[in-house]
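Trainee: To be precise about what I am sending: the file is called coords-v7.txt and holds compact mmCIF, C-alpha atoms.
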```
# COMPACT_ATOMS: atom_id res chain seq x y z
CA MET A 322 7.62 -21.38 -10.72
CA THR A 323 4.59 -23.37 -11.90
CA GLY A 324 1.48 -21.22 -11.76
CA ARG A 325 3.45 -18.06 -11.04
CA LEU A 326 3.59 -14.96 -13.20
CA ASN A 327 6.55 -14.17 -15.41
CA ALA A 328 7.03 -10.87 -13.62
CA TYR A 329 8.72 -9.25 -10.64
CA ALA A 330 7.14 -7.91 -7.46
CA VAL A 331 8.24 -4.73 -5.68
CA ILE A 332 6.93 -4.16 -2.17
CA LEU A 333 6.96 -0.64 -0.75
CA ALA A 334 7.63 -1.15 2.96
CA GLY A 335 8.63 2.32 4.12
CA GLY A 336 6.42 4.69 6.07
CA SER A 337 5.88 5.17 9.78
CA GLY A 338 2.15 4.55 10.14
CA THR A 339 1.66 7.42 12.58
CA ARG A 340 -2.13 6.98 12.61
CA PHE A 341 -1.58 3.75 14.55
CA TRP A 342 0.43 5.42 17.32
CA PRO A 343 1.36 4.40 19.98
CA ALA A 344 1.48 0.78 18.78
CA SER A 345 3.15 1.96 15.58
CA THR A 346 6.49 3.71 16.05
CA PRO A 347 9.45 4.48 13.76
CA GLU A 348 11.14 1.36 15.15
CA ARG A 349 7.99 -0.76 14.67
CA PRO A 350 5.74 0.83 12.05
CA LYS A 351 2.29 -0.47 11.22
CA GLN A 352 3.48 -2.89 8.51
CA LEU A 353 5.10 -4.92 11.30
CA LEU A 354 1.86 -5.10 13.29
CA PRO A 355 -0.78 -7.86 12.99
CA LEU A 356 -3.57 -5.43 12.13
CA ALA A 357 -5.45 -7.64 9.66
CA GLY A 358 -4.84 -11.07 11.18
CA GLU A 359 -2.35 -13.04 13.23
CA ARG A 360 0.67 -12.14 11.07
CA PRO A 361 2.28 -8.73 10.48
CA LEU A 362 0.89 -6.94 7.43
CA VAL A 363 4.23 -7.09 5.62
CA VAL A 364 4.43 -10.87 6.08
CA ASP A 365 0.98 -11.24 4.52
CA THR A 366 2.16 -9.12 1.60
CA LEU A 367 5.33 -11.18 1.11
CA HIS A 368 3.26 -14.35 1.05
CA ARG A 369 1.12 -12.82 -1.72
CA ALA A 370 4.26 -11.92 -3.65
CA ASP A 371 5.56 -15.45 -3.22
CA ARG A 372 2.35 -16.82 -4.74
CA LEU A 373 2.46 -14.29 -7.57
CA VAL A 374 6.07 -14.45 -8.70
CA GLY A 375 8.17 -16.22 -6.05
CA LEU A 376 10.31 -14.56 -3.39
CA GLU A 377 13.39 -14.84 -5.59
CA ARG A 378 11.66 -12.34 -7.92
CA THR A 379 10.41 -10.14 -5.09
CA PHE A 380 12.22 -6.95 -4.06
CA LEU A 381 11.41 -5.02 -0.90
CA VAL A 382 12.05 -1.27 -0.68
CA ALA A 383 12.58 0.10 2.83
CA GLY A 384 15.00 2.07 4.97
CA GLU A 385 17.97 0.38 6.58
CA GLY A 386 16.54 0.57 10.08
CA LEU A 387 13.41 -1.31 9.04
CA THR A 388 14.84 -3.93 6.71
CA GLY A 389 16.36 -6.05 9.46
CA HIS A 390 13.05 -6.24 11.33
CA ILE A 391 11.27 -7.38 8.17
CA LEU A 392 13.88 -10.06 7.46
CA THR A 393 13.42 -11.31 11.02
CA ALA A 394 9.64 -11.44 10.53
CA GLU A 395 10.00 -13.23 7.18
CA PRO A 396 13.38 -15.03 7.02
CA SER A 397 12.49 -16.65 3.67
CA LEU A 398 13.20 -13.31 1.97
CA SER A 399 16.83 -12.89 0.98
CA ALA A 400 18.72 -9.82 2.14
CA ALA A 401 19.96 -9.53 -1.46
CA ASN A 402 16.36 -8.79 -2.47
CA CYS A 403 16.12 -5.74 -0.20
CA LEU A 404 16.59 -2.34 -1.82
CA ILE A 405 17.61 -0.04 1.02
CA GLU A 406 16.54 3.58 0.57
CA PRO A 407 19.25 6.01 1.69
CA VAL A 408 16.55 8.54 2.57
CA PRO A 409 12.75 8.51 2.13
CA ARG A 410 11.62 10.55 -0.86
CA GLY A 411 8.13 9.17 -1.54
CA THR A 412 6.82 6.35 -3.69
CA GLY A 413 7.74 7.97 -7.01
CA PRO A 414 11.53 7.93 -6.57
CA ALA A 415 11.38 4.57 -4.76
CA LEU A 416 9.61 2.90 -7.68
CA ALA A 417 11.79 4.62 -10.27
CA TRP A 418 14.85 3.19 -8.51
CA ALA A 419 13.25 -0.26 -8.27
CA ALA A 420 12.30 -0.14 -11.96
CA TRP A 421 15.85 0.85 -12.86
CA HIS A 422 17.16 -2.11 -10.86
CA LEU A 423 14.79 -4.53 -12.59
CA GLN A 424 15.62 -3.14 -16.01
CA GLU A 425 19.26 -4.04 -15.41
CA LEU A 426 18.21 -7.59 -14.55
CA ASP A 427 15.70 -7.95 -17.38
CA PRO A 428 15.05 -5.16 -19.92
CA ASP A 429 11.63 -6.67 -20.74
CA ALA A 430 10.58 -7.06 -17.10
CA VAL A 431 7.00 -6.56 -15.98
CA MET A 432 6.81 -5.10 -12.50
CA VAL A 433 4.02 -5.49 -9.95
CA SER A 434 4.13 -2.82 -7.23
CA MET A 435 2.33 -3.40 -3.91
CA HIS A 436 2.24 -1.68 -0.54
CA ALA A 437 3.31 -3.69 2.50
CA ASP A 438 0.41 -2.70 4.71
CA HIS A 439 -2.83 -3.53 2.89
CA LEU A 440 -5.49 -6.19 3.38
CA ILE A 441 -6.37 -8.17 0.24
CA ASP A 442 -8.71 -11.15 0.06
CA PRO A 443 -9.05 -13.57 -1.60
CA LEU A 444 -5.62 -14.12 -3.06
CA GLU A 445 -7.00 -15.83 -6.16
CA GLU A 446 -8.80 -12.67 -7.25
CA LEU A 447 -5.61 -10.63 -6.82
CA VAL A 448 -3.72 -13.11 -8.98
CA ALA A 449 -6.43 -12.99 -11.65
CA ALA A 450 -6.44 -9.17 -11.78
CA ILE A 451 -2.66 -8.93 -11.98
CA GLU A 452 -2.56 -11.53 -14.76
CA ILE A 453 -4.99 -9.39 -16.78
CA ALA A 454 -3.02 -6.21 -16.10
CA ALA A 455 0.30 -7.85 -17.00
CA GLU A 456 -1.09 -9.18 -20.29
CA HIS A 457 -2.47 -5.77 -21.24
CA ALA A 458 0.73 -3.98 -20.17
CA ARG A 459 2.78 -6.20 -22.48
CA GLU A 460 0.42 -5.64 -25.40
CA ASP A 461 -0.59 -1.97 -25.20
CA ARG A 462 2.32 -0.51 -23.17
CA ARG A 463 0.04 1.27 -20.69
CA LEU A 464 0.77 1.72 -17.00
CA TYR A 465 -1.95 -0.14 -15.09
CA SER A 466 -3.54 0.39 -11.70
CA LEU A 467 -5.81 -2.13 -10.00
CA GLY A 468 -9.13 -0.62 -8.93
CA ALA A 469 -11.51 -2.02 -6.31
CA PRO A 470 -15.24 -1.27 -6.48
CA PRO A 471 -16.09 1.05 -3.56
CA THR A 472 -18.23 -0.41 -0.78
CA ARG A 473 -18.76 2.87 1.06
CA PRO A 474 -18.28 6.63 0.41
CA GLU A 475 -14.70 6.71 1.68
CA THR A 476 -13.06 10.15 1.76
CA GLY A 477 -9.61 8.85 2.69
CA TYR A 478 -8.96 6.96 -0.56
CA GLY A 479 -8.10 8.00 -4.09
CA TYR A 480 -10.49 7.14 -6.93
CA VAL A 481 -10.09 6.17 -10.58
CA GLN A 482 -12.74 7.14 -13.11
CA LEU A 483 -13.25 4.54 -15.81
CA GLY A 484 -12.87 5.42 -19.46
CA GLU A 485 -13.15 3.24 -22.57
CA HIS A 486 -13.38 -0.52 -21.98
CA LEU A 487 -10.28 -2.29 -23.32
CA GLY A 488 -11.54 -5.85 -22.76
CA SER A 489 -11.05 -8.46 -20.03
CA GLY A 490 -11.97 -6.05 -17.24
CA ALA A 491 -9.39 -3.42 -18.29
CA TYR A 492 -10.27 0.22 -18.98
CA GLU A 493 -8.62 3.43 -19.96
CA VAL A 494 -8.38 5.88 -17.08
CA ARG A 495 -10.42 9.03 -17.53
CA GLN A 496 -8.97 10.67 -14.42
CA PHE A 497 -7.53 10.07 -10.96
CA VAL A 498 -9.15 11.90 -8.05
CA GLU A 499 -7.44 12.23 -4.67
CA LYS A 500 -9.48 11.99 -1.44
CA PRO A 501 -12.78 13.69 -2.36
CA ASP A 502 -15.12 15.34 0.13
CA GLY A 503 -18.04 13.40 1.60
CA LYS A 504 -20.69 14.46 -0.92
CA THR A 505 -18.40 13.70 -3.86
CA ALA A 506 -17.40 10.34 -2.37
CA GLU A 507 -21.08 9.40 -2.07
CA ALA A 508 -21.59 10.23 -5.75
CA TYR A 509 -18.53 8.22 -6.75
CA ALA A 510 -19.62 5.18 -4.72
CA ALA A 511 -23.03 5.22 -6.41
CA SER A 512 -21.84 6.02 -9.93
CA GLY A 513 -20.59 2.61 -11.03
CA GLU A 514 -17.80 4.31 -12.97
CA HIS A 515 -15.38 5.05 -10.13
CA LEU A 516 -13.08 2.58 -8.42
CA TRP A 517 -10.84 2.90 -5.39
CA ASN A 518 -7.23 3.28 -6.41
CA THR A 519 -5.62 0.39 -4.50
CA GLY A 520 -2.06 1.58 -5.10
CA ILE A 521 -1.26 -1.74 -6.78
CA PHE A 522 0.40 -1.07 -10.15
CA VAL A 523 1.51 -3.22 -13.07
CA TRP A 524 3.74 -2.05 -15.93
CA ARG A 525 6.70 -2.86 -18.12
CA VAL A 526 9.67 -1.22 -16.43
CA ALA A 527 10.79 0.29 -19.74
CA ASP A 528 7.40 1.97 -20.19
CA PHE A 529 7.34 3.23 -16.61
CA LEU A 530 10.80 4.78 -16.88
CA ALA A 531 9.84 6.33 -20.22
CA ALA A 532 6.79 7.91 -18.54
CA VAL A 533 9.01 9.22 -15.73
CA ARG A 534 11.35 10.85 -18.25
CA GLU A 535 8.42 12.36 -20.12
CA SER A 536 6.16 13.49 -17.27
CA THR A 537 8.02 13.62 -13.97
CA PRO A 538 10.83 16.19 -13.83
CA GLU A 539 10.95 15.78 -10.04
CA ILE A 540 12.59 12.39 -10.70
CA ALA A 541 13.81 12.53 -14.31
CA THR A 542 16.50 15.14 -13.68
CA ALA A 543 18.21 12.76 -11.21
CA LEU A 544 18.06 9.60 -13.35
CA PRO A 545 21.59 10.16 -14.72
CA GLU A 546 22.85 9.44 -11.21
CA LEU A 547 21.42 5.92 -11.51
CA GLU A 548 23.16 5.55 -14.87
CA ARG A 549 26.40 6.22 -12.99
CA GLY A 550 25.44 3.81 -10.20
CA HIS A 551 25.06 6.60 -7.64
CA VAL A 552 21.98 5.63 -5.63
CA LYS A 553 22.44 8.08 -2.76
CA GLU A 554 23.04 10.96 -5.16
CA PHE A 555 19.86 9.98 -7.02
CA PHE A 556 17.79 10.21 -3.84
CA ASP A 557 19.50 13.46 -2.86
CA GLY A 558 18.68 14.91 -6.28
CA VAL A 559 14.99 14.07 -6.56
CA VAL A 560 12.04 16.12 -5.33
CA PRO A 561 9.75 14.01 -3.10
CA VAL A 562 6.62 13.00 -5.02
CA SER A 563 4.15 10.14 -4.94
CA VAL A 564 3.93 7.82 -7.92
CA ASP A 565 0.20 8.60 -8.17
CA VAL A 566 0.70 12.35 -8.56
CA GLY A 567 4.09 12.36 -10.27
CA VAL A 568 3.53 9.61 -12.82
CA MET A 569 0.05 8.06 -13.02
CA GLU A 570 -1.88 11.35 -13.10
CA ARG A 571 0.41 12.78 -15.79
CA ALA A 572 1.30 9.84 -18.04
CA SER A 573 -0.34 9.70 -21.45
CA ARG A 574 -1.10 5.95 -21.50
CA VAL A 575 -2.70 4.74 -18.27
CA GLY A 576 -5.20 1.96 -17.64
CA VAL A 577 -7.02 0.29 -14.76
CA VAL A 578 -8.17 -3.27 -14.19
CA LYS A 579 -11.39 -3.68 -12.27
CA ALA A 580 -10.64 -6.18 -9.53
CA ALA A 581 -12.98 -8.37 -7.50
CA PHE A 582 -10.91 -8.80 -4.35
CA ARG A 583 -11.69 -7.23 -0.99
CA TRP A 584 -9.23 -4.42 -0.34
CA ASP A 585 -8.51 -2.16 2.63
CA ASP A 586 -5.51 0.06 3.19
CA VAL A 587 -5.84 -0.38 6.99
CA GLY A 588 -5.19 3.32 7.45
CA VAL A 589 -6.57 4.16 10.92
CA TRP A 590 -7.54 2.37 14.13
CA GLY A 591 -11.16 2.27 12.99
CA SER A 592 -10.08 0.00 10.13
CA LEU A 593 -9.87 -2.86 12.61
CA ALA A 594 -13.67 -2.94 12.66
CA ARG A 595 -13.37 -4.16 9.05
CA THR A 596 -10.22 -6.29 9.27
CA ARG A 597 -11.00 -8.05 12.58
CA THR A 598 -14.15 -9.83 13.74
CA PRO A 599 -16.07 -7.76 16.32
CA ASP A 600 -18.01 -9.22 19.24
CA GLU A 601 -21.80 -9.04 19.49
CA ALA A 602 -21.60 -5.46 20.77
CA GLY A 603 -19.30 -4.36 17.96
CA ASN A 604 -16.13 -4.23 20.04
CA VAL A 605 -12.88 -5.26 18.37
CA VAL A 606 -10.26 -6.54 20.79
CA VAL A 607 -6.63 -7.43 20.07
CA GLY A 608 -4.90 -8.68 23.21
CA GLN A 609 -6.54 -8.86 26.63
CA ALA A 610 -9.62 -6.78 27.36
CA ARG A 611 -12.93 -6.97 29.17
CA CYS A 612 -15.84 -4.97 27.78
CA VAL A 613 -18.89 -4.59 30.03
CA ASP A 614 -21.88 -2.52 28.85
CA ALA A 615 -19.51 -1.27 26.17
CA SER A 616 -20.01 -1.16 22.41
CA GLU A 617 -18.31 -0.20 19.14
CA ASN A 618 -14.90 0.17 20.77
CA ILE A 619 -11.45 -0.65 19.35
CA VAL A 620 -9.05 -2.09 21.94
CA TRP A 621 -5.38 -2.96 21.41
CA SER A 622 -3.60 -4.22 24.51
CA GLU A 623 0.00 -5.36 24.90
CA GLY A 624 1.11 -6.82 28.21
CA GLY A 625 -2.00 -6.46 30.36
CA ARG A 626 -5.78 -6.34 30.42
CA VAL A 627 -7.81 -3.28 29.52
CA ASN A 628 -11.24 -2.90 31.13
CA LEU A 629 -13.98 -0.88 29.43
CA PHE A 630 -17.19 -0.19 31.34
CA GLY A 631 -20.20 1.73 30.07
CA VAL A 632 -18.47 3.43 27.13
CA SER A 633 -18.83 3.33 23.35
CA GLY A 634 -17.03 4.53 20.27
CA LEU A 635 -13.58 4.65 21.87
CA VAL A 636 -10.11 3.65 20.74
CA VAL A 637 -7.99 2.38 23.63
CA VAL A 638 -4.38 1.38 22.97
CA ARG A 639 -2.05 0.06 25.66
CA THR A 640 1.62 -0.57 24.92
CA GLU A 641 4.60 -1.05 27.20
CA ASN A 642 5.29 2.68 27.44
CA GLU A 643 2.11 4.49 26.42
CA VAL A 644 -1.67 4.45 26.88
CA LEU A 645 -3.94 6.16 24.35
CA VAL A 646 -7.63 6.89 24.84
CA THR A 647 -9.49 8.72 22.11
CA THR A 648 -12.71 8.47 20.13
CA ARG A 649 -13.05 6.65 16.85
CA ASP A 650 -14.00 9.99 15.28
CA ARG A 651 -10.74 11.63 16.37
CA ALA A 652 -8.46 8.63 15.79
CA PRO A 653 -7.71 9.59 12.15
CA ASP A 654 -6.05 12.77 13.51
CA LEU A 655 -3.47 10.85 15.58
CA LYS A 656 -0.66 11.89 13.26
CA GLU A 657 -0.57 15.27 15.03
CA LEU A 658 -0.16 13.63 18.44
CA ALA A 659 2.38 11.08 17.24
CA GLU A 660 4.59 13.78 15.72
CA ASP A 661 4.64 15.63 19.05
CA SER A 662 5.39 12.54 21.16
```
Can I see the file as structure tokens?

Mentor:
Amino acid sequence: MTGRLNAYAVILAGGSGTRFWPASTPERPKQLLPLAGERPLVVDTLHRADRLVGLERTFLVAGEGLTGHILTAEPSLSAANCLIEPVPRGTGPALAWAAWHLQELDPDAVMVSMHADHLIDPLEELVAAIEIAAEHAREDRRLYSLGAPPTRPETGYGYVQLGEHLGSGAYEVRQFVEKPDGKTAEAYAASGEHLWNTGIFVWRVADFLAAVRESTPEIATALPELERGHVKEFFDGVVPVSVDVGVMERASRVGVVKAAFRWDDVGVWGSLARTRTPDEAGNVVVGQARCVDASENIVWSEGGRVNLFGVSGLVVVRTENEVLVTTRDRAPDLKELAEDS
């Protein structure tokens, strides 16, 4: 454990990734796709957790149908470290359950929560930010988010407004803002006092569960089921809610650590223009493709070559059973098409 944090990692690996349809399906959601490099996103995340705390202190939260695929992709993770959700109810209940589990293992546990499908680089900066957040969480009992300085006016991300400086790159949170409009996002990106909310959280499990009891009735009313060891009944009894809305936006003691790593939530096909290296014409190709007089296209091809001629700004996805052609502007709306497929 030399060089690792005295903490536990929880990886949220549920979700269907419908904005990456047709490559992403319920049987193979986006966290199992190599969208940011040669390995599946979830494998990259598990390797980060291994560096942070060790896989023996890493717990993965996912549905039963997905867990087996993840264990196949990363056999170093023990099946005993998989917390299988009976039903999906959002990140709030999932993390409350994970925190309850860790509290039974170690009442003083510090928990690091990460999503399975993000790009983070370099790893050393992530480690440094989490070390700062963990130290502050132990001392001041706040719930901490990691915030990344915005590099563009992104309307698809949540933002954190900085409050009082607490030292070592940590701040009180003045407010959380969910997915602002374009004009507001431009102001946030230029302000110097707003960070992207990366969805990476650090807290003492006891403090997180206390905040749930105090601020999140959607979850708190079902916590007695966990006291009785009834996991399914707990999930049946909660109201679906995200941890951001249900806990972080309501809790009385919340902080943020300003991080220096590159972060991307790899949310839509256009993200590949940031996570993959484009050619001289700005085309990003995964698989086999030929682009002639073509520019700024995203191509994903499984099992055959795609040919693009004289077009620009397209997303072309070829899988075994489906072919998708759309524009990069419309690609963020794919959820509608995926739900009807």

Trainee: Set out as a Markdown table a contact list for region 528-633 of chain A and region 332-355 of chain A with a cut-off of 12 Å, giving each residue of region 528-633 of chain A that qualifies its closest atom pair and distance in Å to one decimal, counting all atoms listed in the file, ordered by chain and rising residue number.

Mentor:
```
| residue | atom | partner | partner_atom | distance |
| --- | --- | --- | --- | --- |
| A:Ser563 | CA | A:Leu333 | CA | 11.9 |
| A:Val564 | CA | A:Leu333 | CA | 11.5 |
| A:Asp586 | CA | A:Gln352 | CA | 10.9 |
| A:Val587 | CA | A:Lys351 | CA | 9.2 |
| A:Gly588 | CA | A:Arg340 | CA | 7.0 |
| A:Val589 | CA | A:Arg340 | CA | 5.5 |
| A:Trp590 | CA | A:Phe341 | CA | 6.1 |
| A:Gly591 | CA | A:Phe341 | CA | 9.8 |
| A:Ser592 | CA | A:Phe341 | CA | 10.3 |
| A:Leu593 | CA | A:Pro355 | CA | 10.4 |
| A:Thr596 | CA | A:Pro355 | CA | 10.3 |
| A:Arg597 | CA | A:Pro355 | CA | 10.2 |
| A:Val607 | CA | A:Pro355 | CA | 9.2 |
| A:Gly608 | CA | A:Pro355 | CA | 11.0 |
| A:Ile619 | CA | A:Phe341 | CA | 11.8 |
| A:Val620 | CA | A:Ala344 | CA | 11.4 |
| A:Trp621 | CA | A:Ala344 | CA | 8.2 |
| A:Ser622 | CA | A:Ala344 | CA | 9.1 |
| A:Glu623 | CA | A:Ala344 | CA | 8.8 |
```

Trainee: Pick out the residues sitting within 9 Å of region 375-381 of chain A, and hand them over as a VMD selection string; count only C-alpha atoms, and ignore anything fewer than 3 positions along from it in its own chain.

Mentor: chain A and resid 322 325 to 326 328 to 334 367 to 372 388 397 to 399 401 to 405 419 437

Trainee: What lies within 8 Å of region 428-434 of chain A using only C-alpha atoms, ignoring chain neighbours under 5 positions off, as an MDAnalysis selection string?

Mentor: chainID A and resid 327:333 416 420 423 451 455 458:459 520:527

Trainee: Tell me which of A:Arg595, A:Gly550, A:Pro470, A:Glu570 sits closest to Thr537 (chain A), counting only C-alpha atoms.

Mentor: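 Nearest to Thr537 (chain A): A:Glu570.
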
Trainee: To one decimal place in Å, what is the distance between CA of Val448 (chain A) and CA of Leu373 (chain A)?

Mentor: 6.4 Å

Trainee: What is the CA of Pro653 (chain A) to CA of Gly386 (chain A) distance in Å?

Mentor: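 Between CA of Pro653 (chain A) and CA of Gly386 (chain A) the gap works out to 26.0 Å.
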
Trainee: Calculate, to one decimal in Å, the centre and edge lengths of the box along x, y and z of the file that holds all listed atoms of region 460-465 of chain A with 3 Å of margin on each side, and present them as JSON.

Mentor:
```
{"center_x": 0.2, "center_y": -2.0, "center_z": -20.2, "size_x": 10.3, "size_y": 13.4, "size_z": 16.3}
```

Trainee: How many Å separate CA of Arg611 (chain A) from CA of Gly358 (chain A)?

Mentor: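 That distance, rounded to one decimal, is 20.1 Å.
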
Trainee: Each residue of region 542-569 of chain A lying at most 9 Å from region 493-515 of chain A should get a row with its shortest atom-to-atom pair and the distance in Å to one decimal, counting all atoms listed in the file; could you produce that, ordered by chain and increasing number, as CSV?

Mentor:
```
residue,atom,partner,partner_atom,distance
A:Asp565,CA,A:Phe497,CA,8.3
A:Val566,CA,A:Phe497,CA,8.9
A:Met569,CA,A:Phe497,CA,8.1
```

Trainee: With C-alpha atoms retained, write the just-selected residues as an mmCIF file, in the frame of the given file.

Mentor:
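The file below, again_29.cif, is the result:
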```cif
data_model
loop_
_atom_site.group_PDB
_atom_site.id
_atom_site.type_symbol
_atom_site.label_atom_id
_atom_site.label_comp_id
_atom_site.auth_asym_id
_atom_site.auth_seq_id
_atom_site.Cartn_x
_atom_site.Cartn_y
_atom_site.Cartn_z
ATOM 1 C CA ASP A 565 0.200 8.600 -8.170
ATOM 2 C CA VAL A 566 0.700 12.350 -8.560
ATOM 3 C CA MET A 569 0.050 8.060 -13.020
#
```

Trainee: I need the residue nearest Pro474 (chain A) from this list: A:Trp517, A:Gly558, A:Glu601, A:Ala610. Use only C-alpha atoms for the distance.

Mentor: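 Ranked by minimum distance to Pro474 (chain A), first place goes to A:Trp517.
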
Trainee: Smallest atom-to-atom distance to Ile441 (chain A): which of A:Leu629, A:Leu483, A:Ala581, A:Ala572, using all atoms listed in the file?

Mentor: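 Ranking A:Leu629, A:Leu483, A:Ala581, A:Ala572 by distance to Ile441 (chain A), first place goes to A:Ala581.
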